[in-house]
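Heads up, data.tsv below (TSV, C-alpha atoms):
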```tsv
chain	number	residue	atom	x	y	z
A	1	MET	CA	-186.72	-37.28	24.60
A	2	ALA	CA	-185.48	-37.09	21.03
A	3	SER	CA	-185.14	-33.68	19.45
A	4	ALA	CA	-186.07	-32.70	15.89
A	5	TRP	CA	-183.29	-31.88	13.41
A	6	MET	CA	-183.33	-30.89	9.77
A	7	GLY	CA	-182.02	-33.70	7.59
A	8	PRO	CA	-181.24	-33.92	3.87
A	9	LEU	CA	-182.59	-31.40	1.36
A	10	ALA	CA	-183.40	-31.40	-2.36
A	11	TYR	CA	-185.17	-29.02	-4.72
A	12	TYR	CA	-186.58	-29.02	-8.24
A	13	LEU	CA	-187.02	-26.29	-10.84
A	14	PRO	CA	-189.23	-26.89	-13.89
A	15	ARG	CA	-187.57	-26.87	-17.30
A	16	GLU	CA	-189.15	-23.82	-18.96
A	17	ILE	CA	-187.26	-20.58	-18.30
A	18	VAL	CA	-188.63	-17.08	-18.73
A	19	ASP	CA	-185.93	-14.43	-18.96
A	20	ASN	CA	-186.13	-10.66	-18.56
A	21	GLU	CA	-185.85	-10.07	-22.29
A	22	THR	CA	-189.03	-12.08	-22.84
A	23	LEU	CA	-190.90	-10.13	-20.19
A	24	ALA	CA	-189.59	-6.81	-21.46
A	25	SER	CA	-190.83	-7.59	-24.96
A	26	ALA	CA	-194.30	-8.19	-23.54
A	27	SER	CA	-194.34	-4.89	-21.68
A	28	GLN	CA	-194.94	-2.76	-24.76
A	29	GLY	CA	-191.93	-0.59	-23.99
A	30	GLY	CA	-192.67	0.05	-20.31
A	31	TRP	CA	-189.91	-2.19	-18.97
A	32	SER	CA	-186.42	-3.14	-20.09
A	33	ALA	CA	-184.55	-6.31	-19.17
A	34	ASP	CA	-181.98	-4.29	-17.22
A	35	ARG	CA	-184.64	-2.38	-15.34
A	36	ILE	CA	-186.36	-5.62	-14.29
A	37	HIS	CA	-183.05	-6.92	-12.93
A	38	GLU	CA	-182.32	-3.64	-11.18
A	39	LYS	CA	-185.70	-3.60	-9.43
A	40	THR	CA	-185.93	-7.30	-8.53
A	41	GLY	CA	-182.46	-8.83	-8.61
A	42	ILE	CA	-183.88	-11.52	-10.91
A	43	ARG	CA	-182.74	-12.41	-14.43
A	44	THR	CA	-184.65	-15.65	-15.04
A	45	ARG	CA	-187.43	-17.64	-13.44
A	46	HIS	CA	-188.64	-21.20	-14.05
A	47	VAL	CA	-192.26	-21.84	-15.04
A	48	ALA	CA	-194.27	-25.05	-14.88
A	49	ALA	CA	-195.59	-26.50	-18.12
A	50	PRO	CA	-199.35	-26.18	-18.80
A	51	ASP	CA	-199.93	-29.78	-17.71
A	52	GLU	CA	-197.46	-29.63	-14.79
A	53	CYS	CA	-198.90	-29.11	-11.31
A	54	ALA	CA	-197.34	-28.27	-7.96
A	55	SER	CA	-197.67	-31.93	-7.00
A	56	ASP	CA	-195.54	-32.92	-10.00
A	57	LEU	CA	-192.80	-30.54	-8.86
A	58	ALA	CA	-193.01	-31.86	-5.30
A	59	VAL	CA	-192.78	-35.48	-6.47
A	60	ALA	CA	-189.71	-34.57	-8.56
A	61	ALA	CA	-188.01	-32.91	-5.56
A	62	ALA	CA	-188.80	-35.84	-3.26
A	63	THR	CA	-187.62	-38.34	-5.87
A	64	GLN	CA	-184.29	-36.52	-6.09
A	65	LEU	CA	-184.00	-36.76	-2.31
A	66	PHE	CA	-184.71	-40.49	-2.26
A	67	ASP	CA	-182.50	-41.20	-5.29
A	68	SER	CA	-179.59	-39.52	-3.49
A	69	GLY	CA	-179.57	-42.39	-1.01
A	70	LEU	CA	-179.69	-40.00	1.93
A	71	CYS	CA	-183.18	-41.13	2.89
A	72	MET	CA	-185.33	-44.19	2.22
A	73	ARG	CA	-189.00	-44.06	1.27
A	74	GLU	CA	-189.92	-46.72	3.83
A	75	ASP	CA	-188.49	-44.60	6.65
A	76	ILE	CA	-191.00	-41.75	6.24
A	77	ASP	CA	-193.66	-41.61	8.96
A	78	TYR	CA	-195.51	-38.44	7.98
A	79	LEU	CA	-195.91	-36.24	4.89
A	80	LEU	CA	-196.58	-32.49	5.06
A	81	PHE	CA	-197.28	-30.63	1.82
A	82	CYS	CA	-197.28	-26.83	1.70
A	83	THR	CA	-198.96	-25.34	-1.37
A	84	GLN	CA	-201.45	-22.73	-2.52
A	85	SER	CA	-201.81	-24.54	-5.85
A	86	PRO	CA	-203.40	-27.89	-4.94
A	87	ASP	CA	-204.39	-30.36	-7.62
A	88	TYR	CA	-208.01	-30.40	-6.41
A	89	PHE	CA	-210.19	-28.96	-3.66
A	90	LEU	CA	-210.49	-32.57	-2.62
A	91	PRO	CA	-208.90	-35.05	-2.21
A	92	THR	CA	-205.92	-33.74	-0.28
A	93	THR	CA	-202.95	-33.49	-2.61
A	94	ALA	CA	-200.63	-34.96	0.05
A	95	CYS	CA	-202.61	-38.20	-0.15
A	96	LEU	CA	-202.03	-38.36	-3.91
A	97	ILE	CA	-198.33	-37.66	-3.42
A	98	GLN	CA	-198.07	-40.49	-0.88
A	99	ASP	CA	-199.33	-42.91	-3.51
A	100	ARG	CA	-197.15	-41.51	-6.30
A	101	LEU	CA	-194.01	-41.72	-4.17
A	102	GLY	CA	-194.79	-45.26	-3.02
A	103	LEU	CA	-194.72	-44.33	0.65
A	104	ARG	CA	-196.20	-46.63	3.27
A	105	THR	CA	-199.98	-46.49	3.78
A	106	SER	CA	-199.43	-46.37	7.55
A	107	ILE	CA	-198.18	-42.77	7.44
A	108	GLY	CA	-200.01	-39.50	8.04
A	109	ALA	CA	-200.35	-37.01	5.20
A	110	LEU	CA	-201.85	-33.55	4.97
A	111	ASP	CA	-201.77	-30.28	3.03
A	112	PHE	CA	-201.42	-26.86	4.57
A	113	ASN	CA	-202.12	-23.68	2.66
A	114	LEU	CA	-199.46	-21.05	3.30
A	115	GLY	CA	-197.25	-19.03	1.01
A	116	CYS	CA	-193.94	-17.36	1.71
A	117	SER	CA	-193.89	-18.22	5.43
A	118	GLY	CA	-194.86	-21.83	4.74
A	119	PHE	CA	-191.46	-23.51	5.01
A	120	VAL	CA	-190.79	-22.20	8.51
A	121	TYR	CA	-194.35	-23.04	9.57
A	122	GLY	CA	-193.81	-26.52	8.15
A	123	LEU	CA	-190.65	-26.96	10.20
A	124	GLY	CA	-192.65	-26.01	13.29
A	125	LEU	CA	-195.36	-28.55	12.48
A	126	ALA	CA	-192.77	-31.24	11.80
A	127	LYS	CA	-190.95	-30.48	15.05
A	128	GLY	CA	-194.22	-30.95	16.94
A	129	LEU	CA	-194.87	-34.30	15.26
A	130	VAL	CA	-191.36	-35.57	15.93
A	131	GLU	CA	-191.00	-34.40	19.52
A	132	THR	CA	-194.42	-35.73	20.55
A	133	GLY	CA	-193.56	-39.14	19.16
A	134	GLN	CA	-196.05	-39.09	16.28
A	135	GLY	CA	-193.30	-39.83	13.77
A	136	ARG	CA	-189.53	-40.07	13.75
A	137	ARG	CA	-189.11	-38.85	10.17
A	138	VAL	CA	-191.35	-36.25	8.57
A	139	LEU	CA	-191.10	-35.44	4.86
A	140	LEU	CA	-191.83	-31.73	4.36
A	141	LEU	CA	-192.59	-30.76	0.77
A	142	THR	CA	-193.13	-27.24	-0.53
A	143	ALA	CA	-194.29	-26.57	-4.08
A	144	GLU	CA	-195.89	-23.67	-5.87
A	145	THR	CA	-197.04	-22.80	-9.38
A	146	TYR	CA	-197.99	-19.15	-9.02
A	147	SER	CA	-197.49	-18.86	-12.78
A	148	LYS	CA	-200.92	-20.47	-13.18
A	149	HIS	CA	-202.48	-17.69	-11.09
A	150	MET	CA	-200.94	-14.80	-13.06
A	151	HIS	CA	-202.22	-12.82	-16.03
A	152	PRO	CA	-199.72	-12.75	-18.95
A	153	GLY	CA	-199.91	-8.96	-18.99
A	154	ASP	CA	-199.20	-8.37	-15.30
A	155	LEU	CA	-195.47	-7.71	-15.02
A	156	ASN	CA	-195.99	-6.56	-11.43
A	157	VAL	CA	-196.07	-10.26	-10.51
A	158	ARG	CA	-194.58	-12.02	-13.54
A	159	THR	CA	-191.19	-10.36	-13.01
A	160	LEU	CA	-191.04	-11.71	-9.46
A	161	PHE	CA	-192.50	-15.17	-9.15
A	162	GLY	CA	-191.10	-18.49	-10.34
A	163	ASP	CA	-192.28	-22.06	-9.85
A	164	ALA	CA	-190.34	-24.62	-7.81
A	165	ALA	CA	-190.50	-27.35	-5.20
A	166	ALA	CA	-188.33	-28.47	-2.30
A	167	ALA	CA	-188.12	-31.53	-0.08
A	168	VAL	CA	-186.58	-31.91	3.35
A	169	VAL	CA	-186.68	-34.58	6.05
A	170	ILE	CA	-187.09	-33.57	9.68
A	171	GLU	CA	-185.87	-36.43	11.83
A	172	ALA	CA	-185.62	-37.42	15.48
A	173	ARG	CA	-182.13	-37.52	16.94
A	174	ASP	CA	-181.01	-38.52	20.40
A	175	ASP	CA	-179.24	-35.24	20.96
A	176	SER	CA	-179.60	-33.03	24.02
A	177	ARG	CA	-179.19	-29.90	21.89
A	178	GLU	CA	-182.11	-28.27	20.12
A	179	GLY	CA	-181.89	-28.72	16.36
A	180	LEU	CA	-184.97	-26.67	15.51
A	181	GLY	CA	-186.22	-23.71	17.46
A	182	PRO	CA	-187.24	-21.57	19.06
A	183	PHE	CA	-190.00	-20.44	16.69
A	184	VAL	CA	-191.99	-17.22	16.54
A	185	PHE	CA	-195.10	-16.76	14.43
A	186	GLY	CA	-197.31	-13.89	13.34
A	187	THR	CA	-200.61	-13.43	11.54
A	188	ASP	CA	-202.49	-10.34	10.40
A	189	GLY	CA	-205.43	-11.32	8.23
A	190	SER	CA	-206.35	-7.67	7.67
A	191	GLY	CA	-203.67	-7.76	4.96
A	192	GLY	CA	-205.27	-10.62	3.08
A	193	GLU	CA	-206.56	-8.36	0.31
A	194	ARG	CA	-203.02	-7.19	-0.52
A	195	LEU	CA	-201.93	-10.46	-2.15
A	196	ILE	CA	-204.88	-12.48	-3.32
A	197	VAL	CA	-206.58	-14.56	-5.99
A	198	ARG	CA	-210.13	-13.36	-5.46
A	199	THR	CA	-212.05	-16.06	-7.31
A	200	GLY	CA	-212.02	-19.83	-7.51
A	201	GLY	CA	-212.96	-20.69	-3.93
A	202	MET	CA	-216.35	-21.02	-2.26
A	203	ARG	CA	-216.57	-17.31	-1.40
A	204	SER	CA	-216.37	-16.21	-5.03
A	205	PRO	CA	-216.40	-18.71	-7.93
A	206	ARG	CA	-214.29	-18.00	-10.99
A	207	ASP	CA	-215.81	-15.52	-13.41
A	208	PRO	CA	-216.35	-17.33	-16.74
A	209	SER	CA	-216.12	-14.05	-18.70
A	210	PRO	CA	-213.78	-11.82	-16.73
A	211	GLN	CA	-213.11	-8.24	-17.76
A	212	THR	CA	-209.46	-7.29	-18.23
A	213	VAL	CA	-208.41	-4.12	-16.44
A	214	VAL	CA	-205.14	-2.23	-16.85
A	215	ASP	CA	-203.69	-0.31	-13.92
A	216	GLU	CA	-201.80	3.00	-14.04
A	217	ARG	CA	-198.51	1.16	-14.60
A	218	GLY	CA	-199.80	-0.79	-17.57
A	219	ASN	CA	-200.27	-4.11	-15.79
A	220	ALA	CA	-203.24	-6.12	-17.03
A	221	ARG	CA	-205.25	-8.60	-14.96
A	222	THR	CA	-208.75	-9.95	-14.40
A	223	ILE	CA	-210.60	-10.74	-11.21
A	224	ASN	CA	-209.53	-14.37	-11.69
A	225	ASP	CA	-205.81	-13.54	-11.53
A	226	LEU	CA	-203.28	-12.99	-8.78
A	227	TYR	CA	-203.28	-9.42	-7.46
A	228	MET	CA	-200.43	-7.93	-5.44
A	229	ASP	CA	-200.21	-4.52	-3.79
A	230	GLY	CA	-196.43	-4.30	-3.70
A	231	ALA	CA	-196.18	-1.01	-1.81
A	232	GLU	CA	-198.39	-2.20	1.05
A	233	ILE	CA	-196.58	-5.53	1.29
A	234	PHE	CA	-193.24	-3.74	1.43
A	235	GLY	CA	-194.50	-1.65	4.34
A	236	PHE	CA	-195.77	-4.75	6.10
A	237	THR	CA	-192.42	-6.51	5.83
A	238	LEU	CA	-190.53	-3.55	7.27
A	239	ARG	CA	-192.86	-3.60	10.27
A	240	ALA	CA	-193.11	-7.34	10.88
A	241	VAL	CA	-189.76	-8.85	9.93
A	242	HIS	CA	-187.54	-6.69	12.13
A	243	GLN	CA	-189.73	-7.54	15.12
A	244	ALA	CA	-189.76	-11.25	14.27
A	245	VAL	CA	-185.96	-11.33	14.20
A	246	ALA	CA	-185.78	-9.53	17.55
A	247	ASP	CA	-188.43	-11.81	19.10
A	248	CYS	CA	-186.66	-14.97	17.89
A	249	LEU	CA	-183.34	-13.82	19.35
A	250	ALA	CA	-185.07	-12.94	22.61
A	251	ALA	CA	-186.79	-16.34	22.76
A	252	ALA	CA	-183.39	-18.01	22.36
A	253	ASP	CA	-181.69	-15.52	24.71
A	254	LEU	CA	-179.04	-14.90	22.09
A	255	PRO	CA	-177.38	-11.77	20.69
A	256	MET	CA	-177.36	-11.03	16.96
A	257	ASP	CA	-173.73	-12.08	16.56
A	258	ALA	CA	-174.53	-15.59	17.82
A	259	VAL	CA	-176.28	-16.30	14.51
A	260	ASP	CA	-173.88	-17.41	11.79
A	261	LEU	CA	-176.20	-17.00	8.81
A	262	PHE	CA	-179.55	-15.33	8.12
A	263	VAL	CA	-181.76	-16.81	5.42
A	264	PHE	CA	-184.84	-14.74	4.67
A	265	HIS	CA	-187.61	-15.56	2.24
A	266	GLN	CA	-186.31	-14.40	-1.16
A	267	ALA	CA	-189.04	-11.90	-2.03
A	268	ASN	CA	-186.93	-9.59	-4.18
A	269	GLU	CA	-183.47	-8.10	-3.83
A	270	TYR	CA	-184.69	-4.56	-3.21
A	271	MET	CA	-186.83	-5.65	-0.26
A	272	LEU	CA	-184.13	-7.91	1.14
A	273	SER	CA	-181.58	-5.10	1.04
A	274	HIS	CA	-183.88	-2.83	3.06
A	275	LEU	CA	-184.68	-5.59	5.56
A	276	ARG	CA	-181.01	-6.44	6.09
A	277	ARG	CA	-180.18	-2.83	6.86
A	278	LYS	CA	-183.19	-2.36	9.13
A	279	CYS	CA	-182.29	-5.50	11.08
A	280	GLN	CA	-178.59	-4.44	11.14
A	281	ILE	CA	-177.39	-7.78	9.79
A	282	PRO	CA	-173.83	-7.81	8.36
A	283	ALA	CA	-173.80	-8.46	4.62
A	284	ASP	CA	-171.44	-11.44	4.97
A	285	ARG	CA	-174.01	-13.24	7.15
A	286	PHE	CA	-177.01	-12.57	4.91
A	287	VAL	CA	-177.84	-14.60	1.80
A	288	VAL	CA	-179.48	-13.35	-1.39
A	289	ASP	CA	-179.78	-16.12	-3.99
A	290	MET	CA	-182.69	-15.75	-6.42
A	291	GLU	CA	-181.22	-14.32	-9.62
A	292	ASP	CA	-181.83	-17.46	-11.67
A	293	CYS	CA	-185.11	-18.67	-10.15
A	294	GLY	CA	-187.02	-15.69	-8.74
A	295	ASN	CA	-189.40	-15.68	-5.80
A	296	THR	CA	-190.46	-19.32	-5.48
A	297	VAL	CA	-192.78	-18.63	-2.52
A	298	SER	CA	-192.55	-21.42	0.11
A	299	SER	CA	-189.51	-22.99	-1.58
A	300	THR	CA	-187.15	-20.01	-1.46
A	301	ILE	CA	-185.62	-20.79	1.93
A	302	PRO	CA	-184.85	-24.48	1.34
A	303	ILE	CA	-183.40	-23.66	-2.09
A	304	VAL	CA	-181.07	-21.10	-0.49
A	305	LEU	CA	-180.07	-23.57	2.23
A	306	ALA	CA	-179.26	-26.31	-0.28
A	307	ARG	CA	-177.20	-23.95	-2.44
A	308	ALA	CA	-175.39	-22.35	0.50
A	309	ALA	CA	-174.39	-25.78	1.78
A	310	ALA	CA	-173.23	-26.87	-1.69
A	311	ARG	CA	-170.89	-23.89	-2.06
A	312	GLY	CA	-169.49	-24.18	1.46
A	313	GLN	CA	-171.22	-21.11	2.89
A	314	LEU	CA	-173.19	-23.27	5.33
A	315	ASN	CA	-171.31	-25.80	7.45
A	316	ASP	CA	-172.10	-28.20	10.26
A	317	GLY	CA	-172.44	-26.58	13.65
A	318	MET	CA	-173.60	-23.22	12.29
A	319	ARG	CA	-176.64	-21.53	13.78
A	320	VAL	CA	-179.00	-20.23	11.09
A	321	MET	CA	-182.03	-17.97	11.41
A	322	LEU	CA	-184.81	-18.57	8.92
A	323	VAL	CA	-187.44	-15.88	8.35
A	324	GLY	CA	-190.53	-16.28	6.17
A	325	PHE	CA	-193.07	-13.54	5.45
A	326	GLY	CA	-195.78	-12.67	2.96
A	327	VAL	CA	-199.28	-13.59	1.80
A	328	GLY	CA	-201.82	-13.74	4.59
A	329	TYR	CA	-200.30	-11.62	6.08
A	330	SER	CA	-198.26	-14.37	7.69
A	331	TRP	CA	-194.73	-14.43	9.06
A	332	SER	CA	-192.44	-16.72	11.02
A	333	ALA	CA	-188.87	-17.02	12.23
A	334	ALA	CA	-186.87	-19.89	13.65
A	335	LEU	CA	-183.35	-20.87	14.58
A	336	VAL	CA	-181.85	-24.00	13.06
A	337	ARG	CA	-178.70	-25.78	14.15
A	338	TRP	CA	-177.21	-26.98	10.87
A	339	ASN	CA	-175.83	-30.51	11.13
A	340	GLN	CA	-175.77	-32.62	8.01
A	341	ALA	CA	-172.90	-34.84	9.17
A	342	ARG	CA	-175.34	-37.50	10.31
A	343	ARG	CA	-176.70	-38.12	6.84
A	344	GLY	CA	-179.43	-40.58	6.08
A	345	CYS	CA	-182.72	-41.43	7.71
```

Rewrite the structure from the file as structure tokens, please.
Amino acid sequence: MASAWMGPLAYYLPREIVDNETLASASQGGWSADRIHEKTGIRTRHVAAPDECASDLAVAAATQLFDSGLCMREDIDYLLFCTQSPDYFLPTTACLIQDRLGLRTSIGALDFNLGCSGFVYGLGLAKGLVETGQGRRVLLLTAETYSKHMHPGDLNVRTLFGDAAAAVVIEARDDSREGLGPFVFGTDGSGGERLIVRTGGMRSPRDPSPQTVVDERGNARTINDLYMDGAEIFGFTLRAVHQAVADCLAAADLPMDAVDLFVFHQANEYMLSHLRRKCQIPADRFVVDMEDCGNTVSSTIPIVLARAAARGQLNDGMRVMLVGFGVGYSWSAALVRWNQARRGC
């Protein structure tokens, strides 16, 4: 039986850049550019244009992948699209992307709604499709435009989140080794209220005349905007991520030093520093790479992988642990055997 391996990667960042100086000037003296960087590890983040949707970013990332010559459009058998910013409630945005990319009409295509754990979940879904023979090459796209969910006056979230998309092909290879896995997953819906856009769905339609409230730290938002309880989410990550790493190692029957590189969801530098120490991961095997793009939700991990490979930090044969965690609450971890030598689909 063929095994699933991660193939070529590409990512896309929208053109508009919001720097810390811009955010500091909007804070009415409560924040400085240096303080934002100190707290988050971020200097700039990319933001989608008003008429630019997550699907546009995903199409751009996929187009880069196809234009590289590493994969052909006609070779794709299935399309998975991870987003919490779909174009419409219906139709499924993945169907629209299939048409825009000119992919075959004989493929499967679906959306799945997950945030910061979404890339690892997507790899798990793709592995299942490949190893059950439902498709030899799955195109996994992640794209998010959280900027459209945020109030301009809420620096609690505006300092963190950036918009982006990523594209990766998961392909079948006749290789006795396991390219993807094992996987561990976790869900705790009791934390759903901690990172949420309360209106706009069927449970609670958008308020046409929302009242703006300002919290004790001076952050403004309405009921229609993204809300994040940073302190509670930080506590959740300290509880869940350490256990996910331990469970993934146990599932693989491997010690910590058998993993060459750890790539966690790039939430913010402060959180990542605490998680690295709690998990007792050596600094030289742990990647932090978000200073120029921020927390791009489901796209952070593939962006880090692409950049690490480009600068020679990630090489063929290395074993990498990927860990996603966040909104839901949802978390996931997986081991990946990096092997890009067999390029092309």

task = Please measure the separation of CA of Gln280 in chain A and CA of Arg35 in chain A, giving the value in Å to one decimal.
result = 27.2 Å

Closest-contact table, range 65-147 of chain A side, partner range 303-312 of chain A, 12 Å, counting all atoms listed in the file, as CSV:
```
residue,atom,partner,partner_atom,distance
A:Leu65,CA,A:Ala306,CA,11.7
A:Phe119,CA,A:Ile303,CA,10.7
A:Leu141,CA,A:Ile303,CA,12.0
A:Thr142,CA,A:Ile303,CA,10.5
A:Ala143,CA,A:Ile303,CA,11.4
```

key: Nearest-residue call for Tyr227 in chain A, choices A:Tyr12, A:Tyr146, A:Phe89, A:Trp31, using all atoms listed in the file   = A:Tyr146

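Compared by their closest atoms to Arg104 in chain A, and using all atoms listed in the file, the residues A:Ala258, A:Leu79, A:Leu180, A:Val47 rank with A:Leu79 nearest.
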
request  = Within 6 Å of Val336 in chain A, counting all atoms listed in the file, which residues show up once you throw out same-chain ones fewer than 2 positions away? Write them as a PyMOL selection string, please.
outcome  = chain A and resi 179-180+319-320+338

request  = Could you tell me how far CA of Tyr329 in chain A lies from CA of Leu125 in chain A, in Å and to one decimal?
outcome  = 18.8 Å

message = Restricting the calculation to only C-alpha atoms: of A:Pro182, A:Met202, A:Pro208, A:Asn224, which residue gets closest to Asp247 in chain A?
response = A:Pro182

request  = For Leu101 in chain A, list every protein, DNA or RNA residue within 10 Å, evaluated using only C-alpha atoms, and leave out those in the same chain fewer than 6 positions away; present the list as a PyMOL selection string.
outcome  = chain A and resi 58-60+62-63+66+73

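Shortest atom-to-atom contact with Leu129 in chain A among A:Ser55, A:Thr92, A:Ser190, A:Ser3: A:Ser3, counting all atoms listed in the file.
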
As a PDB file with C-alpha atoms, in the coordinates of the input, please: the residues near Ala172 in chain A (cut-off 7 Å, only C-alpha atoms, same-chain neighbours under 3 positions excluded).
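Result file follows (result.pdb):
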```pdb
ATOM      1  CA  ALA A   2    -185.480 -37.090  21.030  1.00  0.00           C
ATOM      2  CA  SER A   3    -185.140 -33.680  19.450  1.00  0.00           C
ATOM      3  CA  ALA A   4    -186.070 -32.700  15.890  1.00  0.00           C
ATOM      4  CA  TRP A   5    -183.290 -31.880  13.410  1.00  0.00           C
ATOM      5  CA  VAL A 130    -191.360 -35.570  15.930  1.00  0.00           C
ATOM      6  CA  ARG A 136    -189.530 -40.070  13.750  1.00  0.00           C
ATOM      7  CA  ARG A 137    -189.110 -38.850  10.170  1.00  0.00           C
TER       8      ARG A 137
END
```

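The space separating CA of Glu144 in chain A from CA of Leu80 in chain A comes to 14.1 Å.
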
query = How would you write as a ChimeraX atom specification the residues that get within 6 Å of (-189.3, -44.3, -0.9) in the file's frame, counting only C-alpha atoms?
reply = /A:72-74,102-103

message = For a quick check of understanding, using only C-alpha atoms, which of A:Pro14, A:Gly218, A:Gly7, A:Leu238 has the smallest distance to Ala126 in chain A?
response = A:Gly7

request  = Name the residues in contact with range 50-52 of chain A at a cut-off of 9 Å, using all atoms listed in the file, excluding same-chain residues fewer than 5 positions from it; report them as a list in words.
outcome  = Pro14, Leu57, Thr145 and Lys148 of chain A

How would the residues just chosen look if you wrote them out with C-alpha atoms as an mmCIF file, in the frame of the given file?
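Result written to out.cif:
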```
data_model
loop_
_atom_site.group_PDB
_atom_site.id
_atom_site.type_symbol
_atom_site.label_atom_id
_atom_site.label_comp_id
_atom_site.auth_asym_id
_atom_site.auth_seq_id
_atom_site.Cartn_x
_atom_site.Cartn_y
_atom_site.Cartn_z
ATOM 1 C CA PRO A 14 -189.230 -26.890 -13.890
ATOM 2 C CA LEU A 57 -192.800 -30.540 -8.860
ATOM 3 C CA THR A 145 -197.040 -22.800 -9.380
ATOM 4 C CA LYS A 148 -200.920 -20.470 -13.180
#
```

query = If we count all atoms listed in the file, what is near Glu16 in chain A at a cut-off of 10 Å, once residues fewer than 4 positions away on the same chain are taken out, given as an MDAnalysis selection string?
reply = chainID A and resid 45:49 163

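Of the listed residues A:Ala10, A:Met150, A:Ala24, A:Ile233, the one whose atoms come nearest to Ala165 in chain A is A:Ala10, with distances taken using all atoms listed in the file.
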
Would you fill the gaps in range 128-145 of chain A so it has N, CA and C atoms, then print it as a PDB file, keeping the file's coordinate frame?
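The new file out-v2.pdb reads:
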```pdb
ATOM      1  N   GLY A 128    -193.188 -30.487  16.020  1.00  0.00           N
ATOM      2  CA  GLY A 128    -194.220 -30.950  16.940  1.00  0.00           C
ATOM      3  C   GLY A 128    -194.531 -32.432  16.762  1.00  0.00           C
ATOM      4  N   LEU A 129    -194.600 -32.887  15.525  1.00  0.00           N
ATOM      5  CA  LEU A 129    -194.870 -34.300  15.260  1.00  0.00           C
ATOM      6  C   LEU A 129    -193.744 -35.186  15.782  1.00  0.00           C
ATOM      7  N   VAL A 130    -192.515 -34.767  15.531  1.00  0.00           N
ATOM      8  CA  VAL A 130    -191.360 -35.570  15.930  1.00  0.00           C
ATOM      9  C   VAL A 130    -191.213 -35.615  17.445  1.00  0.00           C
ATOM     10  N   GLU A 131    -191.305 -34.460  18.087  1.00  0.00           N
ATOM     11  CA  GLU A 131    -191.000 -34.400  19.520  1.00  0.00           C
ATOM     12  C   GLU A 131    -192.155 -34.845  20.395  1.00  0.00           C
ATOM     13  N   THR A 132    -193.328 -35.102  19.810  1.00  0.00           N
ATOM     14  CA  THR A 132    -194.420 -35.730  20.550  1.00  0.00           C
ATOM     15  C   THR A 132    -194.551 -37.202  20.206  1.00  0.00           C
ATOM     16  N   GLY A 133    -193.595 -37.718  19.451  1.00  0.00           N
ATOM     17  CA  GLY A 133    -193.560 -39.140  19.160  1.00  0.00           C
ATOM     18  C   GLY A 133    -194.525 -39.607  18.093  1.00  0.00           C
ATOM     19  N   GLN A 134    -195.094 -38.681  17.317  1.00  0.00           N
ATOM     20  CA  GLN A 134    -196.050 -39.090  16.280  1.00  0.00           C
ATOM     21  C   GLN A 134    -195.355 -39.570  15.008  1.00  0.00           C
ATOM     22  N   GLY A 135    -194.068 -39.346  14.912  1.00  0.00           N
ATOM     23  CA  GLY A 135    -193.300 -39.830  13.770  1.00  0.00           C
ATOM     24  C   GLY A 135    -191.844 -39.469  13.965  1.00  0.00           C
ATOM     25  N   ARG A 136    -190.955 -40.360  13.596  1.00  0.00           N
ATOM     26  CA  ARG A 136    -189.530 -40.070  13.750  1.00  0.00           C
ATOM     27  C   ARG A 136    -188.957 -39.344  12.552  1.00  0.00           C
ATOM     28  N   ARG A 137    -189.596 -39.500  11.389  1.00  0.00           N
ATOM     29  CA  ARG A 137    -189.110 -38.850  10.170  1.00  0.00           C
ATOM     30  C   ARG A 137    -190.284 -38.277   9.395  1.00  0.00           C
ATOM     31  N   VAL A 138    -190.278 -36.967   9.261  1.00  0.00           N
ATOM     32  CA  VAL A 138    -191.350 -36.250   8.570  1.00  0.00           C
ATOM     33  C   VAL A 138    -190.792 -35.703   7.262  1.00  0.00           C
ATOM     34  N   LEU A 139    -191.465 -35.987   6.163  1.00  0.00           N
ATOM     35  CA  LEU A 139    -191.100 -35.440   4.860  1.00  0.00           C
ATOM     36  C   LEU A 139    -191.899 -34.165   4.641  1.00  0.00           C
ATOM     37  N   LEU A 140    -191.205 -33.026   4.608  1.00  0.00           N
ATOM     38  CA  LEU A 140    -191.830 -31.730   4.360  1.00  0.00           C
ATOM     39  C   LEU A 140    -191.588 -31.335   2.917  1.00  0.00           C
ATOM     40  N   LEU A 141    -192.670 -31.171   2.165  1.00  0.00           N
ATOM     41  CA  LEU A 141    -192.590 -30.760   0.770  1.00  0.00           C
ATOM     42  C   LEU A 141    -193.217 -29.373   0.618  1.00  0.00           C
ATOM     43  N   THR A 142    -192.562 -28.527  -0.147  1.00  0.00           N
ATOM     44  CA  THR A 142    -193.130 -27.240  -0.530  1.00  0.00           C
ATOM     45  C   THR A 142    -193.141 -27.179  -2.053  1.00  0.00           C
ATOM     46  N   ALA A 143    -194.225 -26.684  -2.624  1.00  0.00           N
ATOM     47  CA  ALA A 143    -194.290 -26.570  -4.080  1.00  0.00           C
ATOM     48  C   ALA A 143    -195.316 -25.524  -4.452  1.00  0.00           C
ATOM     49  N   GLU A 144    -194.983 -24.728  -5.446  1.00  0.00           N
ATOM     50  CA  GLU A 144    -195.890 -23.670  -5.870  1.00  0.00           C
ATOM     51  C   GLU A 144    -195.805 -23.456  -7.367  1.00  0.00           C
ATOM     52  N   THR A 145    -196.959 -23.170  -7.958  1.00  0.00           N
ATOM     53  CA  THR A 145    -197.040 -22.800  -9.380  1.00  0.00           C
ATOM     54  C   THR A 145    -197.870 -21.520  -9.476  1.00  0.00           C
TER      55      THR A 145
END
```
